[in-house]
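J.: One file is attached below, protein-v1.txt, containing compact mmCIF, C-alpha atoms.
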```txt
# COMPACT_ATOMS: atom_id res chain seq x y z
CA MET A 1 0.00 0.00 0.00
CA GLY A 2 1.35 3.42 -0.92
CA THR A 3 1.66 6.46 1.28
CA PRO A 4 -1.11 9.10 1.36
CA THR A 5 1.14 11.28 -0.80
CA ASP A 6 1.52 8.46 -3.35
CA GLU A 7 -2.22 7.81 -3.40
CA LEU A 8 -3.07 11.46 -3.94
CA LEU A 9 -0.36 11.81 -6.59
CA HIS A 10 -1.95 8.88 -8.42
CA GLU A 11 -5.34 10.60 -8.29
CA LEU A 12 -3.86 13.86 -9.58
CA THR A 13 -2.09 12.01 -12.39
CA ARG A 14 -5.32 10.23 -13.36
CA ALA A 15 -6.99 13.66 -13.42
CA ARG A 16 -4.30 14.79 -15.90
CA VAL A 17 -3.01 17.58 -13.70
CA ARG A 18 -0.02 19.01 -15.54
CA PRO A 19 2.88 21.40 -14.93
CA GLY A 20 1.61 24.95 -14.79
CA ASP A 21 -1.73 23.92 -13.29
CA GLU A 22 -2.90 25.04 -9.88
CA VAL A 23 -4.49 22.73 -7.32
CA ILE A 24 -6.34 24.15 -4.32
CA VAL A 25 -5.50 22.38 -1.05
CA PRO A 26 -5.99 23.06 2.66
CA SER A 27 -3.02 24.35 4.62
CA TYR A 28 -4.35 23.04 7.93
CA GLY A 29 -3.32 19.41 8.28
CA THR A 30 -0.33 17.47 7.02
CA PRO A 31 1.74 18.83 4.11
CA GLU A 32 1.05 15.65 2.10
CA PRO A 33 -1.58 17.18 -0.21
CA ALA A 34 0.71 20.06 -1.14
CA GLU A 35 3.61 17.63 -1.57
CA ALA A 36 1.57 15.48 -3.96
CA VAL A 37 0.67 18.57 -6.00
CA LEU A 38 4.35 19.50 -6.32
CA LEU A 39 5.23 15.96 -7.38
CA ALA A 40 2.58 16.23 -10.09
CA GLY A 41 4.40 19.32 -11.35
CA ALA A 42 1.60 21.69 -10.36
CA ARG A 43 1.40 24.55 -7.88
CA PRO A 44 -0.43 24.15 -4.56
CA VAL A 45 -2.78 27.03 -3.74
CA PHE A 46 -3.79 27.15 -0.08
CA ALA A 47 -7.36 27.88 1.01
CA ASP A 48 -8.74 28.46 4.50
CA ILE A 49 -10.78 25.98 6.53
CA ASP A 50 -14.26 26.01 8.01
CA ALA A 51 -14.02 27.07 11.67
CA HIS A 52 -16.16 24.18 12.89
CA THR A 53 -15.24 21.18 10.74
CA TYR A 54 -11.55 22.01 10.09
CA CYS A 55 -12.10 20.93 6.49
CA ILE A 56 -11.44 23.18 3.52
CA ASP A 57 -14.07 25.93 3.27
CA PRO A 58 -16.01 26.03 -0.03
CA ALA A 59 -16.28 29.84 0.23
CA ALA A 60 -12.50 30.13 0.58
CA VAL A 61 -12.04 27.73 -2.34
CA ALA A 62 -14.29 29.91 -4.50
CA GLU A 63 -12.08 32.91 -3.76
CA ALA A 64 -8.92 30.95 -4.62
CA LEU A 65 -10.12 29.76 -8.05
CA THR A 66 -8.29 31.08 -11.11
CA PRO A 67 -8.31 30.11 -14.81
CA ARG A 68 -5.29 27.89 -14.00
CA THR A 69 -7.11 25.84 -11.35
CA ALA A 70 -7.20 22.19 -12.44
CA ALA A 71 -8.37 20.50 -9.24
CA ILE A 72 -9.54 20.95 -5.66
CA VAL A 73 -8.34 18.55 -2.97
CA ALA A 74 -10.79 18.15 -0.08
CA ILE A 75 -9.35 16.39 2.97
CA HIS A 76 -11.70 14.71 5.44
CA THR A 77 -10.11 16.11 8.59
CA PHE A 78 -9.93 14.32 11.96
CA GLY A 79 -12.75 12.02 10.77
CA HIS A 80 -15.13 14.83 9.80
CA PRO A 81 -16.06 14.68 6.10
CA ALA A 82 -15.47 17.72 3.92
CA ASP A 83 -18.48 19.45 2.36
CA MET A 84 -18.28 17.44 -0.85
CA ALA A 85 -21.71 18.53 -2.07
CA ALA A 86 -20.82 22.23 -2.02
CA LEU A 87 -17.34 21.61 -3.40
CA THR A 88 -18.60 19.35 -6.18
CA ALA A 89 -21.19 21.93 -7.20
CA LEU A 90 -18.47 24.58 -7.22
CA GLY A 91 -16.21 22.35 -9.31
CA GLN A 92 -18.97 21.65 -11.82
CA ARG A 93 -19.70 25.35 -12.26
CA HIS A 94 -16.05 26.05 -13.04
CA GLY A 95 -15.09 22.83 -14.80
CA VAL A 96 -12.70 21.83 -12.02
CA LEU A 97 -12.23 18.30 -10.65
CA VAL A 98 -12.82 17.77 -6.92
CA ILE A 99 -10.81 15.02 -5.22
CA GLY A 100 -11.93 13.81 -1.79
CA HIS A 101 -9.15 12.31 0.30
CA GLY A 102 -8.67 10.85 3.76
CA ALA A 103 -11.89 8.86 4.17
CA VAL A 104 -11.93 6.44 7.09
CA SER A 105 -11.59 2.71 6.42
CA ASP A 106 -11.62 1.52 10.04
CA LEU A 107 -13.76 -1.34 11.31
CA ALA A 108 -17.33 -0.35 12.12
CA GLY A 109 -16.95 -1.49 15.72
CA GLU A 110 -13.96 0.76 16.28
CA ILE A 111 -15.77 3.73 14.78
CA LEU A 112 -18.81 3.12 16.99
CA ARG A 113 -16.65 2.93 20.11
CA ARG A 114 -14.83 6.16 19.24
CA GLN A 115 -18.18 7.83 18.62
CA ALA A 116 -19.42 6.61 22.00
CA ASN A 117 -16.28 7.90 23.69
CA ALA A 118 -16.65 11.23 21.90
CA ALA A 119 -20.29 11.49 22.98
CA TYR A 120 -19.25 10.93 26.59
CA LEU A 121 -16.61 13.65 26.37
CA ASP A 122 -19.05 16.00 24.63
CA GLY A 123 -21.45 15.68 27.52
CA LYS A 124 -18.93 15.98 30.35
CA LEU A 125 -16.20 18.41 29.32
CA ARG A 126 -16.39 21.99 30.56
CA GLY A 127 -14.16 24.95 29.76
CA VAL A 128 -13.04 23.67 26.36
CA LEU A 129 -14.94 23.89 23.08
CA THR A 130 -15.86 20.36 22.03
CA PRO A 131 -16.04 19.30 18.34
CA LEU A 132 -19.00 20.42 16.26
CA VAL A 133 -20.49 18.16 13.62
CA ALA A 134 -22.16 19.50 10.48
CA PRO A 135 -25.81 18.42 10.04
CA GLY A 136 -26.38 15.19 8.16
CA VAL A 137 -22.83 13.83 8.31
CA GLU A 138 -21.05 11.20 10.38
CA HIS A 139 -17.95 12.13 12.36
CA THR A 140 -15.73 9.10 12.96
CA TYR A 141 -13.36 10.85 15.39
CA GLN A 142 -10.01 9.74 14.09
CA GLN A 143 -8.99 12.52 16.43
CA TYR A 144 -11.09 14.24 19.10
CA VAL A 145 -10.08 17.86 18.72
CA VAL A 146 -11.13 20.59 21.15
CA ARG A 147 -10.34 24.28 21.28
CA VAL A 148 -8.74 25.66 24.43
CA PRO A 149 -10.11 29.14 25.23
CA GLY A 150 -7.86 31.90 26.45
CA ASN A 151 -4.89 33.47 24.75
CA GLY A 152 -4.33 31.08 21.87
CA ARG A 153 -1.12 29.09 21.67
CA PRO A 154 0.38 30.06 25.07
CA ASP A 155 -2.69 28.94 27.01
CA ARG A 156 -3.26 25.89 24.80
CA ASP A 157 0.32 24.72 25.27
CA ALA A 158 0.21 25.30 29.03
CA PHE A 159 -3.09 23.41 29.18
CA ALA A 160 -1.53 20.48 27.29
CA ARG A 161 1.54 20.38 29.54
CA THR A 162 -0.63 20.23 32.64
CA LEU A 163 -2.83 17.48 31.21
CA ARG A 164 0.25 15.39 30.41
CA SER A 165 1.53 15.90 33.95
CA ARG A 166 -1.77 14.41 35.14
CA GLY A 167 -1.43 11.34 32.95
CA VAL A 168 -3.61 12.43 30.02
CA VAL A 169 -2.01 11.77 26.64
CA CYS A 170 -2.79 14.68 24.30
CA HIS A 171 -1.16 16.40 21.36
CA VAL A 172 -1.42 19.42 19.11
CA PRO A 173 -2.92 18.03 15.90
CA VAL A 174 -1.34 20.62 13.59
CA GLN A 175 1.73 22.40 14.88
CA THR A 176 2.47 24.41 11.74
CA PRO A 177 0.12 24.88 8.78
CA ALA A 178 1.70 23.97 5.45
CA HIS A 179 1.81 27.56 4.18
CA ARG A 180 4.00 28.46 7.18
CA THR A 181 6.61 25.75 6.53
CA ALA A 182 9.87 26.45 4.73
CA ARG A 183 8.97 24.22 1.79
CA PHE A 184 5.59 25.78 1.03
CA ARG A 185 5.87 29.24 2.56
CA ARG A 186 3.32 31.73 1.23
CA ASP A 187 2.63 35.32 2.21
CA LEU A 188 -0.94 34.49 3.23
CA TRP A 189 -3.16 35.11 6.21
CA LEU A 190 -5.65 32.27 6.53
CA ALA A 191 -7.56 33.41 9.58
CA GLU A 192 -9.30 30.18 10.60
CA THR A 193 -6.25 28.07 9.82
CA GLU A 194 -4.06 30.29 12.01
CA ARG A 195 -6.59 30.28 14.84
CA ALA A 196 -7.02 26.50 14.76
CA ALA A 197 -3.24 25.97 14.83
CA ASP A 198 -3.07 28.16 17.96
CA GLU A 199 -6.10 26.81 19.86
CA CYS A 200 -6.66 23.14 18.97
CA LEU A 201 -5.71 20.15 21.08
CA ALA A 202 -6.41 16.47 20.41
CA LEU A 203 -7.61 14.50 23.43
CA PRO A 204 -7.57 10.69 23.62
CA VAL A 205 -10.63 8.93 22.19
CA ASP A 206 -9.13 5.55 21.32
CA PRO A 207 -11.68 2.72 21.04
CA THR A 208 -9.79 0.70 23.65
CA MET A 209 -10.14 3.37 26.36
CA SER A 210 -11.90 2.37 29.56
CA TRP A 211 -14.54 4.50 31.27
CA ARG A 212 -12.02 5.18 34.03
CA GLU A 213 -9.58 6.58 31.47
CA LEU A 214 -12.30 8.75 29.95
CA GLN A 215 -13.22 10.01 33.42
CA ARG A 216 -9.57 10.92 34.00
CA VAL A 217 -9.59 13.04 30.86
CA VAL A 218 -12.77 14.81 31.97
CA SER A 219 -11.53 15.40 35.50
CA ALA A 220 -8.17 16.79 34.39
CA CYS A 221 -9.67 19.06 31.72
CA ASN A 222 -12.49 20.37 33.88
CA ALA A 223 -10.09 21.25 36.68
CA LEU A 224 -8.28 23.57 34.25
CA GLY A 225 -10.92 24.71 31.79
CA GLY A 226 -12.69 27.16 34.05
CA LEU A 227 -9.45 28.97 34.87
CA LEU A 228 -8.61 29.50 31.20
CA GLN A 229 -12.15 30.45 30.33
CA SER A 230 -12.30 33.17 32.98
CA ALA A 231 -9.03 34.59 31.64
CA ALA A 232 -10.36 34.85 28.07
```
Is it possible to give me this structure as structure tokens?
T.:
Amino acid sequence: MGTPTDELLHELTRARVRPGDEVIVPSYGTPEPAEAVLLAGARPVFADIDAHTYCIDPAAVAEALTPRTAAIVAIHTFGHPADMAALTALGQRHGVLVIGHGAVSDLAGEILRRQANAAYLDGKLRGVLTPLVAPGVEHTYQQYVVRVPGNGRPDRDAFARTLRSRGVVCHVPVQTPAHRTARFRRDLWLAETERAADECLALPVDPTMSWRELQRVVSACNALGGLLQSAA
């Protein structure tokens, strides 16, 4: 099985993306989509994300379209599907191919357990902003990503350090958006991408977690969340 970059490169090649073409990709996430576009000989064009789903925003894509746009890459982020209906309609209006990437292929039982764990966290967590799910779609929670209120990255990073000290494994899902890296640097301000990179934290939601482990996450977060919220 190839890497995600290889798989996306294959899709771009099948779509006959050529040197000189532009391909619209999200900056928030891994750099793999942009890397695949470069390997296809095209130029990655970064578009902002939806503030709630973390997937590429159709309105931002519409603004990024040019006569050189050959394709749009929509990544299903953290297990939340991109708005393929809106993106496909946009692509059809402009004669641009839309490629969905990152769909979940996990076992149904694992997905159901992650969803159950996520539902428990949704109902118990206080002081952090829990994930929102767009109407009519299924979130599979490859990652359970919350926003930490307060002063952006400094408070989020302090929050994460304290959780780890209390035995809660957590991580920043996207440290640096692709358009801020040396390889793909662009003079862009993608407001929602920047804000998500500063505020988001992935909490454990693994299907093997016990209720005691979930309760530990809730207890540790709730002990801190109110303090950060009052400082916002």
J.: What's the separation between CA of Leu121 in chain A and CA of Gly29 in chain A, in Å to one decimal place?
T.: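 Those two atoms sit 23.2 Å apart.
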J.: Counting all atoms listed in the file, which of A:Arg216, A:His171, A:Arg113, A:Arg185 gets nearest to Arg156 in chain A?
T.: A:His171
J.: Using only C-alpha atoms, determine which residues lie at most 9 Å from Val61 in chain A, disregarding the query and same-chain residues fewer than 3 positions distant; provide the list as a list of chain:residue names.
T.: A:Ile24, A:Val25, A:Phe46, A:Ala47, A:Asp48, A:Ile56, A:Asp57, A:Pro58, A:Ala64, A:Leu65, A:Ile72, A:Leu87, A:Leu90
J.: Using all atoms listed in the file, which of A:Glu213, A:Glu194, A:Glu35, A:Asp187 sits nearest Thr3 in chain A?
T.: A:Glu35
J.: Which one of A:Val37, A:Phe78, A:Pro154, A:Gln142 sits closest to Arg114 in chain A if you count all atoms listed in the file?
T.: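 Ranked by minimum distance to Arg114 in chain A, first place goes to A:Gln142.
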J.: Measuring between all atoms listed in the file, which one of A:Gln92, A:Thr140, A:Thr13, A:Thr77 shows the shortest distance to Pro207 in chain A?
T.: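 Checking each candidate against Pro207 in chain A, we get A:Thr140 as the closest.
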J.: Just the number, please: distance in Å from CA of Ile99 in chain A to CA of Ala74 in chain A, one decimal.
T.: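 That distance, rounded to one decimal, is 6.0 Å.
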J.: Could you check the closest approach to Ile111 in chain A for each of A:Gly41, A:Gly150, A:Pro19, A:Gly79 and tell me which residue wins, using only C-alpha atoms?
T.: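 Closest candidate: A:Gly79.
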J.: Find the residues around Asp50 in chain A up to 10 Å (only C-alpha atoms counted), leave out those fewer than 6 positions away in its own chain, and share them as a PDB file with C-alpha atoms, in the frame of the given file.
T.:
```pdb
ATOM      1  CA  ILE A  56     -11.440  23.180   3.520  1.00  0.00           C
ATOM      2  CA  ASP A  57     -14.070  25.930   3.270  1.00  0.00           C
ATOM      3  CA  PRO A  58     -16.010  26.030  -0.030  1.00  0.00           C
ATOM      4  CA  ALA A  59     -16.280  29.840   0.230  1.00  0.00           C
ATOM      5  CA  ALA A  60     -12.500  30.130   0.580  1.00  0.00           C
ATOM      6  CA  ALA A  82     -15.470  17.720   3.920  1.00  0.00           C
ATOM      7  CA  ASP A  83     -18.480  19.450   2.360  1.00  0.00           C
ATOM      8  CA  GLU A 192      -9.300  30.180  10.600  1.00  0.00           C
ATOM      9  CA  THR A 193      -6.250  28.070   9.820  1.00  0.00           C
ATOM     10  CA  ALA A 196      -7.020  26.500  14.760  1.00  0.00           C
TER      11      ALA A 196
END
```
J.: Using all atoms of range 110-127 of chain A that appear in the file, construct an axis-aligned enclosing box with 4 Å of padding on every side and provide its centre coordinates and edge lengths in Å, rounded to one decimal, as JSON.
T.:
```
{"center_x": -17.7, "center_y": 12.9, "center_z": 22.7, "size_x": 15.5, "size_y": 32.2, "size_z": 23.8}
```
J.: Which one is closest to Ala223 in chain A: A:Gly95, A:Gly127, A:Pro33, A:Gly20? Count all atoms listed in the file.
T.: A:Gly127
J.: For the atom pair CA of Val217 in chain A and CA of Pro173 in chain A, what is the interatomic distance in Å to one decimal place?
T.: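 Going from CA of Val217 in chain A over to CA of Pro173 in chain A, I get 17.1 Å.
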J.: Please identify all polymer residues within 9 Å of Pro31 in chain A, counting all atoms listed in the file, omitting same-chain residues fewer than 4 positions from it, and present them as a PyMOL selection string.
T.: chain A and resi 26-27+35-36+177-179+181+184
J.: Excluding same-chain residues fewer than 6 positions from Leu132 in chain A, what lies within 12 Å of it counting all atoms listed in the file, as a PyMOL selection string?
T.: chain A and resi 50-55+78-80+118-119+122+138-139+141+144-147
J.: For the residues selected in the previous step, produce a file with C-alpha atoms as a compact mmCIF listing (two decimals), in the coordinates of the input.
T.:
```txt
# COMPACT_ATOMS: atom_id res chain seq x y z
CA ASP A 50 -14.26 26.01 8.01
CA ALA A 51 -14.02 27.07 11.67
CA HIS A 52 -16.16 24.18 12.89
CA THR A 53 -15.24 21.18 10.74
CA TYR A 54 -11.55 22.01 10.09
CA CYS A 55 -12.10 20.93 6.49
CA PHE A 78 -9.93 14.32 11.96
CA GLY A 79 -12.75 12.02 10.77
CA HIS A 80 -15.13 14.83 9.80
CA ALA A 118 -16.65 11.23 21.90
CA ALA A 119 -20.29 11.49 22.98
CA ASP A 122 -19.05 16.00 24.63
CA GLU A 138 -21.05 11.20 10.38
CA HIS A 139 -17.95 12.13 12.36
CA TYR A 141 -13.36 10.85 15.39
CA TYR A 144 -11.09 14.24 19.10
CA VAL A 145 -10.08 17.86 18.72
CA VAL A 146 -11.13 20.59 21.15
CA ARG A 147 -10.34 24.28 21.28
```
J.: Please list as JSON, numbers by chain every residue within 12 Å of Leu12 in chain A, counting all atoms listed in the file and excluding residues in the same chain fewer than 2 positions away.
T.: {"A": [5, 6, 7, 8, 9, 10, 14, 15, 16, 17, 18, 19, 21, 22, 23, 24, 33, 34, 35, 36, 37, 38, 39, 40, 41, 42, 44, 70, 71, 72, 73, 97, 98, 99, 100, 101]}
J.: Would you list the residues near (-2.6, 17.0, 28.5), meaning any protein, DNA or RNA residue with an atom at most 10 Å from that point in file coordinates, counting only C-alpha atoms, as a ChimeraX atom specification?
T.: /A:156-172,201-204,217,220-221
